[in-house]
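Student: Let me give you the structure first, and then I'll get to my questions.
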Amino acid sequence: MFCRSPQSLNIGSLTATFPVIQGGMGVGISLSGLSSAVANEGGIGVIATAGIGMDERDFSVNFGEANLRALRNEIRKARELTNGILGVNIMVALSNFADLVRTAVEEGIDIVLSGAGLPLNLPQFVNGAQKTKLVPIVSSARAAGIIARKWAEKYDRLPDAVVVEGPRAGGHLGFKEEMLGDAGYSLENILPEVIRVMKAFEDEYKKPIPVIAAGGIYTGADIYRFFQLGASGVQMATRFVTTHECDASEKFKQTYVDSEKEDIVIIKSPVGMPGRAIKNAFLSEVSEGKKKPFKCPFHCIVTCDYKNAPYCIALALVNAKKGNLSHGFAFAGENAHRAKRIISVKELVETLKKEYSEAAR
C-alpha cells in the first residue's frame, strides 16, 4: 500500500491495491513475463496483442491464427505466474481486432483495454460477458463521451473505466503532430475534462467509472500529482521497459538506458499517426528518404498505407524487440532517457511507492 495513498483502484468487481496499470506495449514488449510480475505486485498487468504471434512458426503465412494461438498461450502462461489482475491491450486499428477480443474473453481475461481508434463496437464481441471489464483508451473528453453514449444506447453497457492518454506517451499517439506541444492538449488539461464527462454518465446510470491518467507518468510524484487532479489510477508503460521481467530483449532495454533527452523524437508512422521513438540509424535513414523494401505479408493495421510506406512498421518493431536495432527502432515515452539501469518490477514498485509517499508529505 502507498503511505498516505488514495484508495485502491476499483474497476467494477476488480481491486488493484497498487493503483497502476502497466501500459500495453505491442510487438512483444509486454507479454506474460512483465504483465504477471506487475500483477503480483498488486497492479494491473497488461499483455499487448499487436504482433503477439511473431514467434509462431506460421506467423508470416497464417497471421490470424498465429496471433490468436499466441494470445491464448500468453494469457495462460501469465495465469500460471499470478493470481493478480491481468488485462490485454487490443488496438481498434488491428485488422483482427474482433477475433482478438473474442479470444481474450474466452480465456477469461479480466480487462480489455482498447484504443488507437474509437472502440465503438467493443461490447459486441464479448457476448455479454460481465466478468471481462471493458476500458477504452481516449485522448479527449469528446471521444470518451461518444463511446459511453454509444455503448449505453446500443449495448446497455458503460465503460468500466476510461484511460485518458496525453501527448507525452510512447508509441503511436492519438494527436496530430502540431497538438503535441500545445499546452491545451496536455494531460493536465484533458484529464479533468474527461472526469467531468464521465461524472455525468455516473450520475445518469448510477455506476462508477474511474478515470485513469496516462502518458508521460514516470515517478511516484507524478502519480500523486494526477491523483490530486482527480484520477482514480494511472497507466505507466515506459518505466516498466527497463525491468528484468520486461519481455523485450536486453538490447532493446539498453537502448532506453543509453538514450539522451534529445534522442526521443516524433516520427511519421506508416499507419498514419505520429509516434514517439528513440532515434537511431534506421530512423535517420528513413528520414533521409531511404526506403526499406518489404512485402506486406499481412495487412495488420487497417490504416497502414503499406503500398507507399517506406518500411514495414511491424517488421521494424519485431526486429527491435529481438534486439536487431539496425533493422528497427524502439518506441518510447518522453521520459525514456531518465532510465539509468535495469531493475526488477518489485524494486520499481517499491521505488514508486517511496516517491509517492515523499510527494504526499
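Labeling convention for the C-alpha cells: chains A, B, ... as they appear, residues from 1 per chain, ligands from 1 in order of appearance.
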Stretch 3-238 of chain A: which residues are strand (DSSP E) by DSSP, as a ChimeraX atom specification?
Tutor: /A:9-11,14-16,20-22,44-48,85-89,111-114,133-138,162-165,171-172,211-214,233-236
Student: Go ahead and dump the residues you just picked, C-alpha atoms, as a short mmCIF file (atom, residue, chain, number, x, y, z; two decimals), in the first residue's frame.
Tutor:
```cif
data_model
loop_
_atom_site.label_atom_id
_atom_site.label_comp_id
_atom_site.auth_asym_id
_atom_site.auth_seq_id
_atom_site.Cartn_x
_atom_site.Cartn_y
_atom_site.Cartn_z
CA LEU A 9 -8.11 1.30 -7.93
CA ASN A 10 -11.51 -0.33 -8.28
CA ILE A 11 -12.73 -1.32 -11.74
CA LEU A 14 -11.71 -5.84 -9.53
CA THR A 15 -9.50 -4.18 -6.93
CA ALA A 16 -5.87 -3.27 -7.64
CA VAL A 20 -1.21 1.40 -11.56
CA ILE A 21 -1.98 -0.19 -14.91
CA GLN A 22 1.14 -1.30 -16.76
CA ILE A 44 -2.77 -4.46 -13.33
CA GLY A 45 -0.51 -6.30 -15.77
CA VAL A 46 -1.28 -5.92 -19.46
CA ILE A 47 -0.43 -8.16 -22.40
CA ALA A 48 -0.24 -6.29 -25.71
CA ILE A 85 -5.35 -8.79 -12.32
CA LEU A 86 -4.49 -9.27 -16.00
CA GLY A 87 -5.59 -7.23 -18.98
CA VAL A 88 -4.99 -7.19 -22.71
CA ASN A 89 -4.45 -4.17 -24.92
CA ILE A 111 -9.84 -6.43 -18.65
CA VAL A 112 -9.80 -5.48 -22.32
CA LEU A 113 -8.22 -2.07 -22.92
CA SER A 114 -8.72 -0.65 -26.38
CA LYS A 133 -14.17 -5.33 -17.88
CA LEU A 134 -14.10 -3.03 -20.90
CA VAL A 135 -11.84 0.02 -20.76
CA PRO A 136 -11.50 2.37 -23.74
CA ILE A 137 -8.34 4.45 -24.15
CA VAL A 138 -9.08 8.00 -25.33
CA VAL A 162 -11.61 5.05 -19.03
CA VAL A 163 -7.91 5.61 -19.69
CA VAL A 164 -7.11 9.12 -20.91
CA GLU A 165 -3.73 9.23 -22.61
CA GLY A 171 4.37 4.67 -29.47
CA HIS A 172 1.50 5.78 -31.64
CA VAL A 211 -10.74 7.69 -14.98
CA ILE A 212 -7.10 6.64 -15.30
CA ALA A 213 -4.37 9.09 -16.35
CA ALA A 214 -1.70 8.01 -18.83
CA GLY A 233 -5.40 5.44 -11.08
CA VAL A 234 -2.57 5.85 -13.58
CA GLN A 235 -1.20 3.89 -16.51
CA MET A 236 2.59 3.65 -16.93
#
```
Student: Just want the 9 Å neighbourhood of A:Gly216, counted on only C-alpha atoms, with same-chain residues fewer than 6 positions away dropped. Output as a PyMOL selection string.
Tutor: chain A and resi 165-170+187+222+236-238+333-335
Student: From a DSSP pass on the backbone, collect the residues of stretch 18-243 of chain A flagged as alpha helix (DSSP H) and hand them back as a ChimeraX atom specification.
Tutor: /A:32-40,63-81,97-106,141-155,187-205,220-228,238-241
Student: Grab the residues selected above and save them as a compact mmCIF listing (two decimals), in the first residue's frame with C-alpha atoms.
Tutor:
```txt
# COMPACT_ATOMS: atom_id res chain seq x y z
CA SER A 32 3.21 -12.80 -19.86
CA GLY A 33 6.54 -12.08 -18.17
CA LEU A 34 6.03 -8.39 -17.49
CA SER A 35 2.27 -8.49 -17.01
CA SER A 36 2.39 -11.26 -14.40
CA ALA A 37 5.19 -9.54 -12.48
CA VAL A 38 3.16 -6.31 -12.27
CA ALA A 39 0.02 -8.21 -11.25
CA ASN A 40 1.97 -9.94 -8.49
CA PHE A 63 -1.19 -14.32 -39.47
CA GLY A 64 -4.65 -14.54 -37.92
CA GLU A 65 -4.40 -18.00 -36.40
CA ALA A 66 -0.81 -17.45 -35.24
CA ASN A 67 -1.82 -14.35 -33.29
CA LEU A 68 -4.84 -15.99 -31.68
CA ARG A 69 -2.82 -19.04 -30.69
CA ALA A 70 -0.08 -16.87 -29.20
CA LEU A 71 -2.63 -14.76 -27.32
CA ARG A 72 -4.15 -17.84 -25.71
CA ASN A 73 -0.70 -19.09 -24.76
CA GLU A 74 0.41 -15.78 -23.25
CA ILE A 75 -2.75 -15.41 -21.16
CA ARG A 76 -2.40 -18.98 -19.92
CA LYS A 77 1.30 -18.53 -19.12
CA ALA A 78 0.55 -15.33 -17.23
CA ARG A 79 -2.22 -17.06 -15.27
CA GLU A 80 0.26 -19.73 -14.18
CA LEU A 81 2.52 -16.99 -12.81
CA PHE A 97 -9.49 -6.74 -33.65
CA ALA A 98 -12.76 -8.64 -33.19
CA ASP A 99 -11.13 -12.09 -33.16
CA LEU A 100 -8.56 -10.98 -30.59
CA VAL A 101 -11.27 -9.59 -28.29
CA ARG A 102 -13.34 -12.79 -28.54
CA THR A 103 -10.30 -14.94 -27.83
CA ALA A 104 -9.25 -12.91 -24.78
CA VAL A 105 -12.78 -13.11 -23.37
CA GLU A 106 -12.89 -16.86 -23.96
CA ALA A 141 -13.33 14.17 -23.42
CA ARG A 142 -15.32 14.21 -26.66
CA ALA A 143 -14.13 10.71 -27.58
CA ALA A 144 -14.94 9.43 -24.08
CA GLY A 145 -18.45 10.84 -24.29
CA ILE A 146 -19.11 9.43 -27.75
CA ILE A 147 -18.03 5.94 -26.67
CA ALA A 148 -20.04 5.97 -23.44
CA ARG A 149 -23.22 7.21 -25.15
CA LYS A 150 -22.92 4.68 -27.97
CA TRP A 151 -22.34 1.78 -25.57
CA ALA A 152 -25.21 2.82 -23.33
CA GLU A 153 -27.72 3.20 -26.14
CA LYS A 154 -26.73 0.26 -28.32
CA TYR A 155 -25.39 -2.31 -25.83
CA LEU A 187 -2.79 15.51 -19.86
CA GLU A 188 -3.21 18.03 -17.05
CA ASN A 189 -5.86 19.78 -19.15
CA ILE A 190 -7.69 16.86 -20.74
CA LEU A 191 -7.88 14.68 -17.60
CA PRO A 192 -10.33 16.98 -15.72
CA GLU A 193 -12.43 17.31 -18.89
CA VAL A 194 -12.77 13.53 -19.21
CA ILE A 195 -13.60 13.24 -15.50
CA ARG A 196 -16.41 15.80 -15.92
CA VAL A 197 -17.88 13.96 -18.89
CA MET A 198 -17.75 10.59 -17.13
CA LYS A 199 -19.28 12.09 -13.97
CA ALA A 200 -22.40 12.90 -15.99
CA PHE A 201 -22.69 9.23 -17.02
CA GLU A 202 -22.01 8.09 -13.46
CA ASP A 203 -24.86 10.26 -12.21
CA GLU A 204 -27.22 9.23 -15.01
CA TYR A 205 -26.63 5.48 -14.74
CA GLY A 220 5.61 8.34 -7.76
CA ALA A 221 5.43 12.13 -7.54
CA ASP A 222 3.75 12.15 -10.95
CA ILE A 223 1.23 9.60 -9.66
CA TYR A 224 0.49 11.78 -6.64
CA ARG A 225 0.03 14.86 -8.84
CA PHE A 226 -2.52 13.18 -11.09
CA PHE A 227 -4.43 11.79 -8.14
CA GLN A 228 -4.66 15.37 -6.91
CA THR A 238 7.92 3.39 -20.40
CA ARG A 239 9.26 2.91 -16.88
CA PHE A 240 8.40 -0.79 -16.95
CA VAL A 241 10.57 -1.40 -20.04
```
Student: With distances taken over only C-alpha atoms, which of A:Ser269, A:Asp305, A:Asp156, A:Thr243 is nearest to A:Gln124?
Tutor: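 Of A:Ser269, A:Asp305, A:Asp156, A:Thr243, the one nearest A:Gln124, counting only C-alpha atoms, is A:Asp156.
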Student: How far is it from atom CA of A:Ala332 to atom CA of A:Leu283, in Å with one decimal?
Tutor: 13.6 Å
Student: If you count only C-alpha atoms, which residues fall within 9 Å of A:Leu352, apart from same-chain ones fewer than 2 positions away, as a count of residues only?
Tutor: 14
Student: Rank nothing, just name the residue among A:Asn280, A:Ser186, A:Gln130, A:Thr242 nearest to A:Glu260, using only C-alpha atoms.
Tutor: A:Asn280
Student: When you look at stretch 315-330 of chain A with a cut-off of 9 Å (counting only C-alpha atoms), what residues show up, excluding the ones that are within fewer than 6 positions of it in the same chain? I need them as a list in words.
Tutor: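 These residues fall inside the cut-off: Gly26, Val27, Gly28, Ile29, Gly51, Met54, Gly171, Asp247, Ala248, Ser249, Glu250, Lys251, Phe252, Lys253, Thr255, Tyr256, Arg276, Ala277, Ile278, Lys279, Asn280, Ala281, Phe282, Leu283, Lys292 and Phe294 of chain A.
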Student: Store the residues picked out above in a file with C-alpha atoms, as a CSV table (one decimal), in the first residue's frame.
Tutor:
```
chain,number,residue,atom,x,y,z
A,26,GLY,CA,3.0,-4.0,-28.6
A,27,VAL,CA,5.0,-6.3,-30.7
A,28,GLY,CA,6.4,-8.3,-27.9
A,29,ILE,CA,7.4,-5.8,-25.2
A,51,GLY,CA,2.2,-8.7,-33.3
A,54,MET,CA,5.7,-13.1,-34.0
A,171,GLY,CA,4.4,4.7,-29.5
A,247,ASP,CA,9.6,-9.3,-22.4
A,248,ALA,CA,11.9,-7.3,-24.7
A,249,SER,CA,15.5,-8.2,-25.5
A,250,GLU,CA,18.3,-6.9,-23.3
A,251,LYS,CA,19.5,-4.8,-26.3
A,252,PHE,CA,16.1,-3.2,-26.5
A,253,LYS,CA,16.1,-2.3,-22.8
A,255,THR,CA,18.5,1.4,-25.8
A,256,TYR,CA,16.5,3.2,-23.2
A,276,ARG,CA,7.4,8.8,-30.3
A,277,ALA,CA,10.5,6.7,-30.5
A,278,ILE,CA,14.3,6.7,-29.8
A,279,LYS,CA,16.2,8.0,-32.7
A,280,ASN,CA,18.7,5.6,-34.3
A,281,ALA,CA,20.4,4.9,-37.6
A,282,PHE,CA,17.3,3.1,-39.0
A,283,LEU,CA,15.1,6.1,-38.4
A,292,LYS,CA,13.4,-0.4,-46.6
A,294,PHE,CA,9.4,-5.3,-47.9
```
Student: For A:Gly84, which residue out of A:Gly289, A:Gly43, A:Gly174, A:Gly215 is the nearest one, using only C-alpha atoms?
Tutor: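 Distance minimum relative to A:Gly84 lands on A:Gly43.
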Student: Just the number, please: distance in Å from atom CA of A:Asp110 to atom CA of A:Ile209, one decimal.
Tutor: 16.1 Å
Student: Enter the distance from atom CA of A:Asp263 to atom CA of A:Glu177, in Å, rounded to one decimal.
Tutor: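 Atom CA of A:Glu177 lies at a distance of 17.4 Å from atom CA of A:Asp263.
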Student: Determine the nearest neighbour of A:Asn96 from the options A:Cys300, A:Lys206, A:Asp55, A:Ser287, counting only C-alpha atoms.
Tutor: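 Looking at the shortest contact to A:Asn96, the residue is A:Cys300.
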